[in-house]
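Data block for target17.txt (compact mmCIF, C-alpha atoms):
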```
# COMPACT_ATOMS: atom_id res chain seq x y z
CA MET A 1 1.45 10.46 -4.83
CA THR A 2 -2.32 10.39 -4.20
CA LYS A 3 -4.17 11.23 -7.41
CA ILE A 4 -7.55 12.97 -7.58
CA LEU A 5 -9.90 13.44 -10.51
CA ILE A 6 -12.04 16.60 -10.58
CA VAL A 7 -15.13 16.34 -12.80
CA GLU A 8 -16.30 19.94 -13.15
CA ASP A 9 -17.43 22.02 -16.15
CA ASP A 10 -16.87 25.40 -14.47
CA ALA A 11 -13.22 26.14 -15.23
CA ALA A 12 -12.86 28.69 -12.42
CA ILE A 13 -14.18 26.33 -9.75
CA ALA A 14 -12.10 23.44 -11.10
CA ALA A 15 -8.97 25.63 -10.98
CA ILE A 16 -9.62 26.59 -7.35
CA GLU A 17 -10.14 22.97 -6.36
CA ARG A 18 -7.05 21.88 -8.27
CA ASP A 19 -4.79 24.57 -6.83
CA TYR A 20 -5.68 23.93 -3.20
CA LEU A 21 -5.35 20.17 -3.61
CA ILE A 22 -1.95 20.55 -5.28
CA ILE A 23 -0.80 22.84 -2.45
CA ASN A 24 -1.74 20.04 -0.05
CA GLY A 25 0.36 17.48 -1.90
CA PHE A 26 -2.14 15.83 -4.25
CA GLU A 27 -1.78 15.16 -7.95
CA VAL A 28 -4.87 16.39 -9.83
CA ASP A 29 -6.51 15.89 -13.23
CA ILE A 30 -9.64 17.68 -14.49
CA ALA A 31 -12.44 16.36 -16.71
CA GLU A 32 -14.82 19.01 -18.07
CA ASP A 33 -17.93 16.91 -18.76
CA GLY A 34 -19.66 13.85 -17.40
CA ARG A 35 -18.76 11.43 -20.16
CA SER A 36 -15.04 12.16 -20.09
CA GLY A 37 -15.15 12.08 -16.30
CA LEU A 38 -16.69 8.63 -16.38
CA ASN A 39 -14.14 7.34 -18.88
CA ARG A 40 -11.20 8.66 -16.90
CA GLY A 41 -12.66 7.59 -13.57
CA CYS A 42 -12.93 3.99 -14.75
CA THR A 43 -9.23 3.74 -15.62
CA GLY A 44 -8.17 2.86 -12.07
CA ALA A 45 -5.66 5.73 -12.06
CA TYR A 46 -7.29 7.74 -9.26
CA ASP A 47 -7.64 7.49 -5.48
CA LEU A 48 -10.66 9.81 -5.15
CA ILE A 49 -13.12 11.59 -7.45
CA LEU A 50 -14.68 15.03 -6.91
CA LEU A 51 -17.86 14.93 -8.96
CA ASP A 52 -20.06 17.92 -9.79
CA LEU A 53 -23.79 17.23 -10.17
CA MET A 54 -24.65 19.57 -13.04
CA LEU A 55 -22.50 18.47 -15.98
CA PRO A 56 -22.79 18.48 -19.77
CA GLU A 57 -22.98 15.18 -21.68
CA MET A 58 -23.99 13.18 -18.59
CA ASP A 59 -25.09 14.46 -15.17
CA GLY A 60 -23.30 13.65 -11.94
CA PHE A 61 -25.95 11.20 -10.76
CA GLU A 62 -25.53 9.02 -13.84
CA VAL A 63 -21.76 9.28 -13.70
CA CYS A 64 -21.79 8.21 -10.04
CA ARG A 65 -24.04 5.24 -10.76
CA LYS A 66 -21.83 4.01 -13.59
CA LEU A 67 -18.60 4.61 -11.65
CA ARG A 68 -19.88 2.49 -8.79
CA GLU A 69 -20.18 -0.44 -11.19
CA LYS A 70 -16.44 -0.21 -11.85
CA THR A 71 -14.69 1.23 -8.80
CA ASN A 72 -14.96 1.42 -5.03
CA ILE A 73 -12.79 4.53 -4.47
CA PRO A 74 -14.30 7.50 -2.60
CA ILE A 75 -16.65 9.72 -4.63
CA LEU A 76 -17.46 13.18 -3.25
CA MET A 77 -20.36 14.95 -4.91
CA VAL A 78 -20.06 18.72 -5.29
CA THR A 79 -23.43 20.43 -5.49
CA ALA A 80 -24.94 23.91 -5.48
CA ARG A 81 -28.31 22.37 -4.64
CA ARG A 82 -29.37 22.49 -1.01
CA GLU A 83 -32.35 20.14 -1.19
CA ASP A 84 -31.93 16.99 0.91
CA ILE A 85 -33.50 14.90 -1.86
CA ASP A 86 -30.50 15.57 -4.11
CA LYS A 87 -28.07 14.61 -1.36
CA ILE A 88 -30.05 11.47 -0.56
CA ARG A 89 -30.20 10.52 -4.22
CA GLY A 90 -26.44 10.95 -4.61
CA LEU A 91 -25.69 8.92 -1.49
CA GLY A 92 -28.14 6.29 -2.64
CA LEU A 93 -26.22 5.92 -5.89
CA GLY A 94 -23.01 5.23 -4.00
CA ALA A 95 -21.42 8.62 -3.28
CA ASP A 96 -19.48 8.64 -0.03
CA ASP A 97 -20.02 12.27 0.90
CA TYR A 98 -20.95 15.66 -0.57
CA ILE A 99 -19.72 19.25 -0.50
CA GLU A 100 -22.07 22.21 -0.94
CA LYS A 101 -21.16 25.20 -3.09
CA PRO A 102 -19.97 27.72 -2.15
CA PHE A 103 -17.40 25.95 0.02
CA SER A 104 -14.20 27.07 1.68
CA PRO A 105 -10.97 25.53 0.35
CA GLY A 106 -10.23 24.34 3.86
CA VAL A 107 -13.45 22.32 4.02
CA LEU A 108 -12.74 20.84 0.59
CA VAL A 109 -9.25 19.68 1.56
CA ALA A 110 -10.44 18.40 4.96
CA LYS A 111 -13.20 16.32 3.40
CA VAL A 112 -10.87 14.89 0.78
CA LYS A 113 -8.30 13.91 3.42
CA ALA A 114 -10.94 12.42 5.72
CA ASN A 115 -12.50 10.28 3.00
CA LEU A 116 -9.10 9.09 1.80
CA ALA A 117 -8.10 8.20 5.36
CA GLN A 118 -11.28 6.24 5.92
CA TYR A 119 -10.87 4.40 2.62
CA GLN A 120 -7.28 3.49 3.47
CA ARG A 121 -8.44 2.28 6.87
CA LEU A 122 -11.16 0.01 5.57
CA THR A 123 -8.97 -1.42 2.81
CA GLY A 124 -6.54 -2.83 5.31
CA LYS A 125 -3.85 -0.26 5.98
CA ARG A 126 -4.85 -0.21 9.65
CA LYS A 127 -5.32 -3.38 11.68
CA ALA A 128 -8.73 -4.53 12.90
CA PRO A 129 -9.97 -7.88 14.26
CA SER A 130 -9.75 -10.47 11.49
CA GLU A 131 -13.37 -11.55 11.95
CA ILE A 132 -16.39 -10.24 13.83
CA THR A 133 -19.57 -12.32 14.07
CA LEU A 134 -22.75 -11.19 15.79
CA GLY A 135 -25.87 -13.25 15.21
CA ASN A 136 -26.00 -14.11 11.52
CA VAL A 137 -23.78 -11.20 10.44
CA SER A 138 -20.04 -11.70 9.93
CA ILE A 139 -17.32 -9.27 8.85
CA HIS A 140 -14.00 -10.58 7.55
CA THR A 141 -11.94 -7.44 7.94
CA GLY A 142 -8.85 -8.78 6.24
CA THR A 143 -10.70 -9.21 2.96
CA HIS A 144 -13.37 -6.51 3.47
CA ARG A 145 -16.12 -9.11 3.04
CA VAL A 146 -19.47 -9.24 4.81
CA PHE A 147 -21.73 -12.27 5.14
CA VAL A 148 -25.34 -12.62 6.26
CA ASP A 149 -26.56 -16.17 6.91
CA GLY A 150 -23.43 -17.38 5.15
CA ARG A 151 -24.21 -15.40 1.99
CA GLU A 152 -21.83 -12.65 0.95
CA ILE A 153 -23.32 -9.19 0.48
CA GLU A 154 -21.79 -6.16 -1.22
CA LEU A 155 -21.33 -2.96 0.77
CA LYS A 156 -20.07 0.43 -0.35
CA ASN A 157 -17.17 2.08 1.49
CA LYS A 158 -19.08 4.03 4.11
CA GLU A 159 -21.69 1.28 4.57
CA TYR A 160 -18.88 -1.10 5.48
CA GLU A 161 -17.16 1.38 7.77
CA LEU A 162 -20.42 2.22 9.56
CA LEU A 163 -21.33 -1.44 10.04
CA LEU A 164 -17.83 -2.24 11.30
CA PHE A 165 -17.93 0.60 13.83
CA LEU A 166 -21.36 -0.43 15.15
CA MET A 167 -20.36 -4.09 15.45
CA LEU A 168 -17.11 -3.22 17.20
CA ASN A 169 -19.22 -1.28 19.72
CA VAL A 170 -22.10 -3.73 20.06
CA ASP A 171 -25.12 -2.60 22.13
CA MET A 172 -23.75 0.93 22.51
CA VAL A 173 -26.01 3.78 21.35
CA PHE A 174 -24.55 6.50 19.10
CA ASP A 175 -26.32 9.62 17.90
CA ARG A 176 -26.11 10.70 14.25
CA GLU A 177 -23.56 13.43 14.96
CA THR A 178 -21.17 11.02 16.69
CA LEU A 179 -21.49 8.47 13.89
CA TYR A 180 -20.83 11.11 11.26
CA GLU A 181 -17.81 12.48 13.08
CA THR A 182 -16.41 8.98 13.66
CA VAL A 183 -17.07 7.31 10.32
CA TRP A 184 -16.77 10.31 8.01
CA GLY A 185 -13.99 11.89 10.05
CA LEU A 186 -15.40 15.45 10.20
CA ASP A 187 -17.53 17.59 12.48
CA ALA A 188 -21.19 16.86 11.86
CA MET A 189 -21.96 20.49 10.96
CA GLY A 190 -25.68 19.78 11.30
CA ASP A 191 -25.56 16.89 8.84
CA ASN A 192 -28.31 14.34 9.45
CA ALA A 193 -29.19 12.95 6.03
CA THR A 194 -25.89 11.14 5.40
CA VAL A 195 -26.04 8.85 8.43
CA ALA A 196 -29.77 8.12 8.07
CA VAL A 197 -29.38 7.16 4.40
CA HIS A 198 -26.50 4.80 5.16
CA ILE A 199 -28.37 3.21 8.09
CA ASN A 200 -31.35 2.53 5.80
CA ARG A 201 -29.10 1.06 3.10
CA LEU A 202 -27.44 -1.24 5.64
CA ARG A 203 -30.80 -2.44 6.90
CA GLU A 204 -31.91 -3.26 3.37
CA LYS A 205 -28.83 -5.44 2.96
CA ILE A 206 -28.50 -7.23 6.29
CA GLU A 207 -31.99 -7.33 7.81
CA GLN A 208 -34.58 -9.96 6.96
CA ASP A 209 -37.27 -7.28 7.46
CA PRO A 210 -35.77 -3.76 7.19
CA ALA A 211 -38.97 -2.27 8.58
CA LYS A 212 -38.53 -4.32 11.76
CA PRO A 213 -34.75 -4.53 12.15
CA ARG A 214 -33.24 -7.22 14.33
CA TYR A 215 -29.72 -5.82 14.33
CA ILE A 216 -29.52 -2.09 13.62
CA GLU A 217 -31.97 -0.61 16.07
CA THR A 218 -33.21 2.97 16.31
CA VAL A 219 -33.24 4.19 19.89
CA TRP A 220 -35.73 7.02 19.65
CA GLY A 221 -34.34 10.34 20.79
CA ALA A 222 -30.86 8.88 21.21
CA GLY A 223 -29.53 7.33 17.99
CA TYR A 224 -28.67 3.85 16.72
CA ARG A 225 -27.08 0.67 18.03
CA PHE A 226 -26.19 -2.80 16.80
CA ARG A 227 -27.97 -5.34 18.96
CA GLY A 228 -25.79 -8.28 19.85
CA ARG A 229 -28.54 -10.56 21.08
```
Can you dump the structure from the file as structure tokens?
Amino acid sequence: MTKILIVEDDAAIAAIERDYLIINGFEVDIAEDGRSGLNRGCTGAYDLILLDLMLPEMDGFEVCRKLREKTNIPILMVTARREDIDKIRGLGLGADDYIEKPFSPGVLVAKVKANLAQYQRLTGKRKAPSEITLGNVSIHTGTHRVFVDGREIELKNKEYELLLFLMLNVDMVFDRETLYETVWGLDAMGDNATVAVHINRLREKIEQDPAKPRYIETVWGAGYRFRGR
């Protein structure tokens, strides 16, 4: 059974999250502060972590940063803050997605299922070409490894999935909404920050000059594309 860790100090919110996830067939544990959440999240016992931002002992940003040093499973940040800077910071630390409070249980379950499905896809449970090479960038899908100029680089889950999608659809232009719906598996719902942050992170890792990208090009007013030549 798929196992989820909820890191949340508000017992009422944690109970709601737990109950709806259990109804949908998940096994759930709860950690009530950041430090215990980090310790449990590093055990390898979980398939996904729901991580609140405002936590005692250690805040969600620090927990996320430390978790990413140990595990690559999906991390969904749960936040009552609506400022884009908080979302960008969380995504920059390695979170895969975020959920704003107050949220409907249906949205919570849908986001959990979508992120789990995408993680299962990129870790090899669905077939993809064994190797894709465009210019100096190569993806070895069987081992989830990416190389630039023959040097291996490390990508987080959604970075990898986004790069793979763009390279599989070379020279095609996709707007932010389409990329979000395809890679994150949900309706865009007006979300723009998530895709932009991940595009910038990819450029920093694969481009020689991120300010003048050779591969991941912005097509103004239209979206992004991976240039194959």
Would you compute, for all listed atoms of range 56-65 of chain A, the axis-aligned bounding box grown by 5 Å on each side, and then report its centre and edge lengths in Å rounded to one decimal, as JSON?
```
{"center_x": -23.9, "center_y": 11.9, "center_z": -15.9, "size_x": 14.2, "size_y": 23.2, "size_z": 21.6}
```
Skipping near chain neighbours, those fewer than 4 positions away, what residues fall within 8 Å of Arg40 in chain A using only C-alpha atoms, listed as a compact mmCIF listing (two decimals) with C-alpha atoms, in the frame of the given file?
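Output file result_21.txt is given in full below:
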```txt
# COMPACT_ATOMS: atom_id res chain seq x y z
CA ALA A 31 -12.44 16.36 -16.71
CA SER A 36 -15.04 12.16 -20.09
CA ALA A 45 -5.66 5.73 -12.06
```
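Nearest to Val148 in chain A of all the residues A:Ala196, A:Met172, A:Leu202, A:Ile16 is A:Leu202, counting all atoms listed in the file.
With all atoms listed in the file as the atoms that count, the minimum distance from Glu159 in chain A to the choices A:Leu53, A:Val109, A:Val63, A:Leu91 is reached by A:Leu91.
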Using all atoms listed in the file, determine which residues lie at most 8 Å from range 93-98 of chain A, disregarding the query and same-chain residues fewer than 5 positions distant; provide the list as a PyMOL selection string.
chain A and resi 61+64-65+68+74-79+87+115+156-158+194
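Coordinates place CA of Thr133 in chain A at a distance of 16.4 Å from CA of Leu155 in chain A.
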To one decimal place, how far is CA of Asp47 in chain A from CA of Tyr180 in chain A in Å?
21.6 Å
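Compared by their closest atoms to Ala193 in chain A, and using all atoms listed in the file, the residues A:Cys42, A:Ile49, A:Ile88, A:Ile30 rank with A:Ile88 nearest.
Distance annotation: of A:Ile73, A:Gln208, A:Arg227, A:Gly142, the residue with the minimal separation from Leu163 in chain A is A:Arg227; atom set is only C-alpha atoms.
The space separating CA of Glu27 in chain A from CA of Val183 in chain A comes to 25.1 Å.
Minimum atom-to-atom distances from A:Gly41, A:Gly92, A:Pro105, A:Gly60 to Arg18 in chain A were compared using only C-alpha atoms, and the lowest value belongs to A:Pro105.
For the residues A:Glu57, A:Glu62, A:Leu50, A:Val7, ranking by smallest atom-to-atom distance to Gly37 in chain A using all atoms listed in the file places A:Val7 first.
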Please work out which residues fall within 12 Å of (-22.9, -15.1, 1.4), coordinates as given in the file, with all atoms listed in the file counting, and return them as a PyMOL selection string.
chain A and resi 136-140+145-154+205-206
Show which residues sit within 6 Å of Asp33 in chain A, as a VMD selection string. Count only C-alpha atoms, and ignore same-chain residues fewer than 3 positions away.
chain A and resid 9 36 55 to 56
Using C-alpha atoms, can you write the selected residues to a file as an mmCIF file, keeping the file's coordinate frame?
```
data_model
loop_
_atom_site.group_PDB
_atom_site.id
_atom_site.type_symbol
_atom_site.label_atom_id
_atom_site.label_comp_id
_atom_site.auth_asym_id
_atom_site.auth_seq_id
_atom_site.Cartn_x
_atom_site.Cartn_y
_atom_site.Cartn_z
ATOM 1 C CA ASP A 9 -17.430 22.020 -16.150
ATOM 2 C CA SER A 36 -15.040 12.160 -20.090
ATOM 3 C CA LEU A 55 -22.500 18.470 -15.980
ATOM 4 C CA PRO A 56 -22.790 18.480 -19.770
#
```
